[in-house]
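Report on the structure given below.
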Amino acid sequence: MKAKILALVAVVIASVVAGNAEARGSASGVMLTGNAFIYNSTDDNNGTKIESKNSIYDIKLGYLTGSGLYLGGIYTLRNSQTGSTTTDGKALGGSVGYVAANGFFVMGHYIASAELGDLKEGKGMQGDLGYLTNVTGAFVVGVELTYRSIEYKTTSDTKYKKDELLPLLTLGFVF
């Protein structure tokens with residue numbers, strides 16, 4: 001599994017370096033993007049149906065230089081509803097990345113503060129690989145694959161770790 005992920009990372013980085021298309025161009029300025037992942041499911045356990053609704057939203061705001069360097073921050077909101085149980089969460093962190101002129105990008109985020117339901121004091125990391133294309137003017141759309149790993153302290157001073165691999169849709173502006 002790790003070998004496949006490393007191979008995917010190598011292919012994306014090679015594409016970023018070798019690309020010549022002008023999806024992002026040499027635009028620089030403030031970049032604001034929003035990402036969404038929504039997943040609904042229904043389980044049937046001998047006639048008892050359990051519905052699950054999950055949503056995760058990332059908001060990223062930062063500065064994009066003409067050379068493609070990105071520096072900024074990330075704020076995540078999430079909601080999970082299974083049956084009558086609802087769990088909300090949020091996370092905040094700093095970001096660094098590279099957005100190539102052809103639209104491929106890679107970003108890393110340090111999650112400095114996270115909460116998930118009763119779990120507090122979460123810290124962790126997130127990595128994004130994706131592609132953005134300019135639709136019109138400053139408006140961009142794209143897709144990304146996000147890996148997130150956050151470790152929370154529990155009430156008994158033990159740790160709870162949540163790892164996720166998510167496909168996200170992206171909408172944003174560079175102005």
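By order of appearance in the structure tokens: chains A, B, ..., then residues from 1 within every chain, and ligands from 1 in the order shown.
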>> For A:Lys161, find every residue with an atom within 9 Å (counting only C-alpha atoms), except residues of its own chain fewer than 5 positions away, and show them as a ChimeraX atom specification.
In response: /A:122,149-153
With N, CA and C atoms retained, could you export that selection as a CSV table (one decimal), in the first residue's frame?
```csv
chain,number,residue,atom,x,y,z
A,122,GLY,N,-6.7,17.9,19.5
A,122,GLY,CA,-6.2,17.2,18.3
A,122,GLY,C,-5.1,17.9,17.6
A,149,SER,N,-4.4,12.8,9.0
A,149,SER,CA,-4.2,12.0,10.2
A,149,SER,C,-4.1,12.9,11.4
A,150,ILE,N,-5.1,12.7,12.3
A,150,ILE,CA,-5.2,13.6,13.5
A,150,ILE,C,-5.2,12.7,14.8
A,151,GLU,N,-4.5,13.1,15.8
A,151,GLU,CA,-4.5,12.3,17.0
A,151,GLU,C,-5.1,13.2,18.1
A,152,TYR,N,-6.1,12.7,18.8
A,152,TYR,CA,-6.8,13.4,19.9
A,152,TYR,C,-6.5,12.9,21.2
A,153,LYS,N,-6.5,13.7,22.3
A,153,LYS,CA,-6.4,13.2,23.6
A,153,LYS,C,-7.8,12.9,24.1
```
> Looking only at the backbone, which of the residues in chain A does DSSP tag as alpha helix (DSSP H), as a PyMOL selection string?
Replying inline: chain A and resi 2-18
Let's have the selection written as a PDB file, in the first residue's frame, with C-alpha atoms.
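Final output, saved to part-v2.pdb:
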```
ATOM      1  CA  LYS A   2       2.777   2.443   0.912  1.00  0.00           C
ATOM      2  CA  ALA A   3       4.610   1.607  -2.323  1.00  0.00           C
ATOM      3  CA  LYS A   4       1.478   2.471  -4.329  1.00  0.00           C
ATOM      4  CA  ILE A   5       1.102   5.801  -2.507  1.00  0.00           C
ATOM      5  CA  LEU A   6       4.776   6.635  -3.080  1.00  0.00           C
ATOM      6  CA  ALA A   7       4.417   5.763  -6.769  1.00  0.00           C
ATOM      7  CA  LEU A   8       1.357   8.033  -7.019  1.00  0.00           C
ATOM      8  CA  VAL A   9       3.264  10.865  -5.339  1.00  0.00           C
ATOM      9  CA  ALA A  10       6.188  10.404  -7.745  1.00  0.00           C
ATOM     10  CA  VAL A  11       3.890  10.500 -10.789  1.00  0.00           C
ATOM     11  CA  VAL A  12       2.127  13.643  -9.568  1.00  0.00           C
ATOM     12  CA  ILE A  13       5.414  15.423  -8.795  1.00  0.00           C
ATOM     13  CA  ALA A  14       6.810  14.454 -12.207  1.00  0.00           C
ATOM     14  CA  SER A  15       3.654  15.797 -13.852  1.00  0.00           C
ATOM     15  CA  VAL A  16       3.939  19.049 -11.911  1.00  0.00           C
ATOM     16  CA  VAL A  17       7.570  19.561 -12.910  1.00  0.00           C
ATOM     17  CA  ALA A  18       7.167  18.498 -16.532  1.00  0.00           C
TER      18      ALA A  18
END
```
So that I can check the surroundings of A:Phe105, please list as a PDB file with all heavy atoms, in the first residue's frame every protein, DNA and RNA residue that reaches within 6 Å of it, counting only C-alpha atoms and ignoring chain neighbours fewer than 6 positions away.
```pdb
ATOM      1  N   TYR A  98       2.884  23.881  -3.313  1.00  0.00           N
ATOM      2  CA  TYR A  98       3.341  24.317  -4.626  1.00  0.00           C
ATOM      3  C   TYR A  98       2.213  24.081  -5.614  1.00  0.00           C
ATOM      4  O   TYR A  98       1.653  22.984  -5.685  1.00  0.00           O
ATOM      5  CB  TYR A  98       4.590  23.536  -5.052  1.00  0.00           C
ATOM      6  CG  TYR A  98       5.041  23.887  -6.444  1.00  0.00           C
ATOM      7  CD1 TYR A  98       5.685  25.093  -6.695  1.00  0.00           C
ATOM      8  CD2 TYR A  98       4.790  23.028  -7.505  1.00  0.00           C
ATOM      9  CE1 TYR A  98       6.082  25.427  -7.985  1.00  0.00           C
ATOM     10  CE2 TYR A  98       5.187  23.351  -8.795  1.00  0.00           C
ATOM     11  CZ  TYR A  98       5.832  24.552  -9.030  1.00  0.00           C
ATOM     12  OH  TYR A  98       6.211  24.895 -10.301  1.00  0.00           O
ATOM     13  N   VAL A  99       1.867  25.130  -6.385  1.00  0.00           N
ATOM     14  CA  VAL A  99       0.851  25.042  -7.423  1.00  0.00           C
ATOM     15  C   VAL A  99       1.546  25.331  -8.751  1.00  0.00           C
ATOM     16  O   VAL A  99       2.004  26.450  -8.988  1.00  0.00           O
ATOM     17  CB  VAL A  99      -0.299  26.043  -7.187  1.00  0.00           C
ATOM     18  CG1 VAL A  99      -1.367  25.884  -8.269  1.00  0.00           C
ATOM     19  CG2 VAL A  99      -0.903  25.855  -5.802  1.00  0.00           C
ATOM     20  N   LEU A 129      -2.949  16.246  -2.866  1.00  0.00           N
ATOM     21  CA  LEU A 129      -2.467  16.172  -4.248  1.00  0.00           C
ATOM     22  C   LEU A 129      -3.667  16.452  -5.131  1.00  0.00           C
ATOM     23  O   LEU A 129      -4.733  15.870  -4.924  1.00  0.00           O
ATOM     24  CB  LEU A 129      -1.931  14.778  -4.580  1.00  0.00           C
ATOM     25  CG  LEU A 129      -0.709  14.303  -3.838  1.00  0.00           C
ATOM     26  CD1 LEU A 129      -0.444  12.847  -4.164  1.00  0.00           C
ATOM     27  CD2 LEU A 129       0.485  15.155  -4.185  1.00  0.00           C
ATOM     28  N   GLY A 130      -3.504  17.344  -6.105  1.00  0.00           N
ATOM     29  CA  GLY A 130      -4.677  17.643  -6.914  1.00  0.00           C
ATOM     30  C   GLY A 130      -4.374  18.422  -8.174  1.00  0.00           C
ATOM     31  O   GLY A 130      -3.220  18.612  -8.557  1.00  0.00           O
ATOM     32  N   TYR A 131      -5.461  18.886  -8.786  1.00  0.00           N
ATOM     33  CA  TYR A 131      -5.385  19.622 -10.044  1.00  0.00           C
ATOM     34  C   TYR A 131      -6.430  20.733 -10.032  1.00  0.00           C
ATOM     35  O   TYR A 131      -7.587  20.505  -9.669  1.00  0.00           O
ATOM     36  CB  TYR A 131      -5.648  18.689 -11.224  1.00  0.00           C
ATOM     37  CG  TYR A 131      -5.640  19.390 -12.553  1.00  0.00           C
ATOM     38  CD1 TYR A 131      -4.433  19.752 -13.156  1.00  0.00           C
ATOM     39  CD2 TYR A 131      -6.825  19.720 -13.194  1.00  0.00           C
ATOM     40  CE1 TYR A 131      -4.418  20.412 -14.373  1.00  0.00           C
ATOM     41  CE2 TYR A 131      -6.823  20.370 -14.412  1.00  0.00           C
ATOM     42  CZ  TYR A 131      -5.620  20.726 -14.998  1.00  0.00           C
ATOM     43  OH  TYR A 131      -5.605  21.382 -16.193  1.00  0.00           O
TER      44      TYR A 131
END
```
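Proximity to A:Met31 was assessed for A:Leu71, A:Met125, A:Leu64, A:Leu92 counting only C-alpha atoms; the smallest distance is recorded for A:Leu64.
When only C-alpha atoms are used to measure the gap to A:Leu32, the shortest distance among A:Ile50, A:Val140, A:Val174, A:Ala112 belongs to A:Val174.
Minimum atom-to-atom distance to A:Phe37, evaluated using only C-alpha atoms, belongs to A:Leu168 out of A:Thr154, A:Leu168, A:Arg78, A:Tyr147.
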>> What's around A:Pro167 at 8 Å? Count only C-alpha atoms, leave out sequence neighbours fewer than 6 positions away in its own chain, and write the answer as a PyMOL selection string.
In response: chain A and resi 37+143-146
>> Applying 10 Å and only C-alpha atoms, which residues near A:Tyr57 remain after dropping the ones on its own chain fewer than 4 positions away? List them as a list in words.
In response: Gly34, Asn35, Ala36, Phe37, Ile38, Tyr75, Thr76, Leu77, Arg78, Asn79, Lys90, Leu168, Leu169 and Thr170 of chain A
Write to file, as an mmCIF file, in the first residue's frame, the residues of the selection just made, with N, CA, C and O atoms.
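Result saved to again-v3.cif:
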```cif
data_model
loop_
_atom_site.group_PDB
_atom_site.id
_atom_site.type_symbol
_atom_site.label_atom_id
_atom_site.label_comp_id
_atom_site.auth_asym_id
_atom_site.auth_seq_id
_atom_site.Cartn_x
_atom_site.Cartn_y
_atom_site.Cartn_z
ATOM 1 N N GLY A 34 -12.402 26.297 -1.509
ATOM 2 C CA GLY A 34 -13.279 25.502 -0.663
ATOM 3 C C GLY A 34 -13.362 24.099 -1.226
ATOM 4 O O GLY A 34 -13.470 23.916 -2.439
ATOM 5 N N ASN A 35 -13.265 23.112 -0.354
ATOM 6 C CA ASN A 35 -13.330 21.707 -0.756
ATOM 7 C C ASN A 35 -14.502 21.044 -0.053
ATOM 8 O O ASN A 35 -14.829 21.402 1.070
ATOM 9 N N ALA A 36 -15.100 20.056 -0.709
ATOM 10 C CA ALA A 36 -16.240 19.363 -0.112
ATOM 11 C C ALA A 36 -16.162 17.869 -0.366
ATOM 12 O O ALA A 36 -15.781 17.428 -1.446
ATOM 13 N N PHE A 37 -16.541 17.110 0.664
ATOM 14 C CA PHE A 37 -16.713 15.656 0.567
ATOM 15 C C PHE A 37 -18.011 15.331 1.295
ATOM 16 O O PHE A 37 -18.165 15.651 2.475
ATOM 17 N N ILE A 38 -18.958 14.734 0.586
ATOM 18 C CA ILE A 38 -20.243 14.381 1.179
ATOM 19 C C ILE A 38 -20.506 12.910 0.884
ATOM 20 O O ILE A 38 -20.366 12.473 -0.260
ATOM 21 N N TYR A 75 -8.939 25.633 7.418
ATOM 22 C CA TYR A 75 -9.972 25.471 8.436
ATOM 23 C C TYR A 75 -10.912 24.381 7.945
ATOM 24 O O TYR A 75 -11.399 24.439 6.812
ATOM 25 N N THR A 76 -11.161 23.376 8.764
ATOM 26 C CA THR A 76 -12.005 22.241 8.397
ATOM 27 C C THR A 76 -13.238 22.182 9.288
ATOM 28 O O THR A 76 -13.130 22.333 10.504
ATOM 29 N N LEU A 77 -14.379 21.944 8.667
ATOM 30 C CA LEU A 77 -15.628 21.689 9.382
ATOM 31 C C LEU A 77 -16.118 20.310 8.965
ATOM 32 O O LEU A 77 -15.994 19.939 7.798
ATOM 33 N N ARG A 78 -16.680 19.563 9.900
ATOM 34 C CA ARG A 78 -17.199 18.244 9.561
ATOM 35 C C ARG A 78 -18.436 17.950 10.389
ATOM 36 O O ARG A 78 -18.612 18.486 11.484
ATOM 37 N N ASN A 79 -19.288 17.077 9.831
ATOM 38 C CA ASN A 79 -20.495 16.652 10.515
ATOM 39 C C ASN A 79 -20.747 15.200 10.142
ATOM 40 O O ASN A 79 -20.661 14.836 8.969
ATOM 41 N N LYS A 90 -14.077 20.243 14.025
ATOM 42 C CA LYS A 90 -13.412 21.358 13.350
ATOM 43 C C LYS A 90 -11.915 21.236 13.558
ATOM 44 O O LYS A 90 -11.454 20.576 14.495
ATOM 45 N N LEU A 168 -11.813 15.049 -2.832
ATOM 46 C CA LEU A 168 -12.529 16.301 -2.600
ATOM 47 C C LEU A 168 -12.692 17.084 -3.903
ATOM 48 O O LEU A 168 -11.803 17.083 -4.752
ATOM 49 N N LEU A 169 -13.818 17.761 -4.047
ATOM 50 C CA LEU A 169 -14.053 18.685 -5.130
ATOM 51 C C LEU A 169 -13.630 20.077 -4.656
ATOM 52 O O LEU A 169 -13.806 20.416 -3.495
ATOM 53 N N THR A 170 -13.075 20.885 -5.565
ATOM 54 C CA THR A 170 -12.532 22.189 -5.199
ATOM 55 C C THR A 170 -13.148 23.296 -6.043
ATOM 56 O O THR A 170 -13.267 23.155 -7.268
#
```
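Take the candidates A:Lys159, A:Leu116, A:Lys49, A:Leu132 and check each one against A:Thr33 using only C-alpha atoms; the shortest distance goes to A:Leu132.
A straight line drawn from atom CA of A:Gly73 to atom CA of A:Lys123 is 14.6 Å long.
Residues in contact range of A:Thr85, defined as at most 12 Å between only C-alpha atoms, with sequence neighbours fewer than 5 positions away removed, read Ile50, Glu51, Ser52, Lys53, Asn54, Asn79, Ser80 and Gly117 of chain A.
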> Which of these, A:Tyr39, A:Ser113, A:Gly97, A:Gly172, has the shortest distance to A:Thr82 once you count only C-alpha atoms?
Replying inline: A:Tyr39
> Between A:Asp157, A:Asp88, A:Asp163, A:Asp128, which one has atoms that come closest to A:Lys60, using only C-alpha atoms?
Replying inline: A:Asp128
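The two atoms in question, atom CA of A:Asn40 and atom CA of A:Glu164, are spaced 16.2 Å apart.
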>> As an exercise, work out the distance from atom CA of A:Ser95 to atom CA of A:Gly108 in Å and give it to one decimal place.
In response: 5.7 Å
>> Give me, as a PyMOL selection string, the residues of stretch 2-162 of chain A that a backbone DSSP run labels strand (DSSP E or B).
In response: chain A and resi 29-45+48-64+69-82+85-99+104-116+119-136+139-153+159-162
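Within 9 Å of A:Phe139, once only C-alpha atoms are used and residues closer than 3 positions along the same chain are dropped, the contacting residues are Thr133, Asn134, Val135, Thr136, Leu171, Gly172, Phe173, Val174 and Phe175 of chain A.
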